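**Student:** Let me begin by handing over the structure; questions about it come next.
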Amino acid sequence: MNDATEQKRPSASAPVTKAVVPAAGLGTRFLPATKATPKEMLPIVDKPAIQYVVEEAVAADLKDVLMITGRSKRSIEDHFDRAYELEEALEAKGDDARLRSVRESSDLAQVHYVRQGEPRGLGHAVLCAEAHVGDNPFAVLLGDDLIESADLLRRMIEVRERRGGSVVALMEVEPEQVSLYGCAGIEPTDEEDVVAVTDLVEKPAPEHAPSRWAIIGRYVCDPAVFPVLHETPPGRGGEIQLTDALRELARRKPEDGGTVHGVLFRGRRYDTGNKADYIRTVVDFACRRPDLADELLPWLRDFVERQDAGRP
Ligand code: UTP
């Protein structure tokens, strides 16, 4: 990036310090569980999904977290707040371990909230962060998408700080799955796990997909995304799509806040917003917990054996 660009756009060299966590969707795929409970609060073993997401942001040094919440999202605010009565009761019992676990979520980060009055799509949810984020680059972590470690997010931030523009996380999916995701047209760079994004298409039919590399729920956005989102009309599903705004940025010049890079992710990722993946996530996390594995694994093996043998 040359000096002239940096002078024109001070945000070009600003560090990434804020995380935005959209959690205002209706969660219709998980009804009726999500009628009065946000899907981001569904437990993965004994912690709500969204706490893992905030822990990931904090592990990537993003301690300023803005949640985009919607209807019936009070439980999210309560979860990241102090719970004095509960804490007093646990203190009185001398139950230190549980007391620590209860305090963990309220001590984790500086959590802020803004409400998305109407769930008009992920792009619209991100737009609700504009006043909080201002003219700075920021990370977006979807509240129902779990990524095994913070390495991916750290790498994305590092790519943004070196190359400018915006950065998406890409995961290779089976051809018949591309229509579930936003898909990227990509070109290689001189780094093996970093690509230049030339095009983005939201939920394409397999024959129209530019590649099998799908966008997953981690982004680092240049603040230039805000004016673009203001101009982005509702797209697929009548929703304002973040993918559409990023496609526009991919076509722009760096001095206008453009360019999008992709970091290729080959680790484990869990979409807790759909039922089958949610159940897989809970089983996977539980089987890796030392306090549960000994009890759970033999039962699981026996259960599968009985299923295979057609026994009840
Ligand atoms: P999804 O498309 O997975 O969420 O959005 P959804 O609309 O709640 O899901 P279904 O299809 O009805 O089951 C991905 C993320 O973006 C947030 C969601 O909460 C989720 O974390 N989101 C989506 C918003 O915050 N606002 C919206 O208007 C849409």
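Every chain in the structure tokens has a letter given in the order shown (A, B, ...), and although residue numbers restart at 1 in each chain, ligands are simply numbered from 1 in the order shown.
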Kindly provide, as a PyMOL selection string, all nucleotide and amino acid residues lying within 6 Å of ligand 1, counting only C-alpha atoms and all ligand atoms.
**Tutor:** chain A and resi 22-30+68+119-122+125+142-144+273
**Student:** Excluding Phe226 of chain A and residues on its chain fewer than 5 positions from it, collect all residues at most 12 Å away from it, counting only C-alpha atoms, and give them as a list in words.
**Tutor:**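 Once the nearby chain positions are removed, what remains is Gly123, His124, Ala125, Val126, Leu127, Cys128, Ala129, Glu130, Ala131, His132, Val133, Gly134, Asp135, Asn136, Pro137, Phe138, Cys221, Glu231, Thr232, Leu242, Ala245, Leu246, Glu248, Leu249 and Gly257 of chain A.
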**Student:** Based on DSSP run over this structure's backbone, return all residues of segment 57-296 of chain A in strand (DSSP E), as JSON, numbers by chain.
**Tutor:** {"A": [64, 65, 66, 67, 68, 69, 110, 111, 112, 113, 114, 115, 138, 139, 140, 141, 145, 146, 147, 166, 167, 168, 169, 170, 171, 172, 182, 183, 184, 185, 186, 187, 188, 194, 195, 196, 197, 198, 199, 200, 201, 202, 213, 214, 215, 216, 217, 218, 219, 220, 221, 260, 261, 262, 263, 264, 269, 270, 271]}
**Student:** Can you pull out the residues contacting Asp61 of chain A? Cut-off 10 Å, using only C-alpha atoms, and skip same-chain residues under 5 positions away; I want them as a list in words.
**Tutor:** Val16, Thr17, Lys18, Ala19, Glu55, Glu56, Ala109, Ala150, Leu153 and Arg154 of chain A
**Student:** Using only C-alpha atoms, find the one residue out of A:Asp291, A:Glu174, A:Asp96, A:Glu104 that sits nearest to Val54 of chain A.
**Tutor:**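 Using only C-alpha atoms, the shortest distance to Val54 of chain A belongs to A:Glu104.
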**Student:** Using DSSP secondary structure from the backbone, list all helix (DSSP H, G or I) positions within segment 110-282 of chain A, as a count of residues only.
**Tutor:** 63
**Student:** Pick from A:Glu176, A:Asp244, A:Asp284, A:Asp222: nearest to Arg9 of chain A, with only C-alpha atoms counted?
**Tutor:**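 Going through A:Glu176, A:Asp244, A:Asp284, A:Asp222 one by one, the smallest distance to Arg9 of chain A is for A:Asp222.
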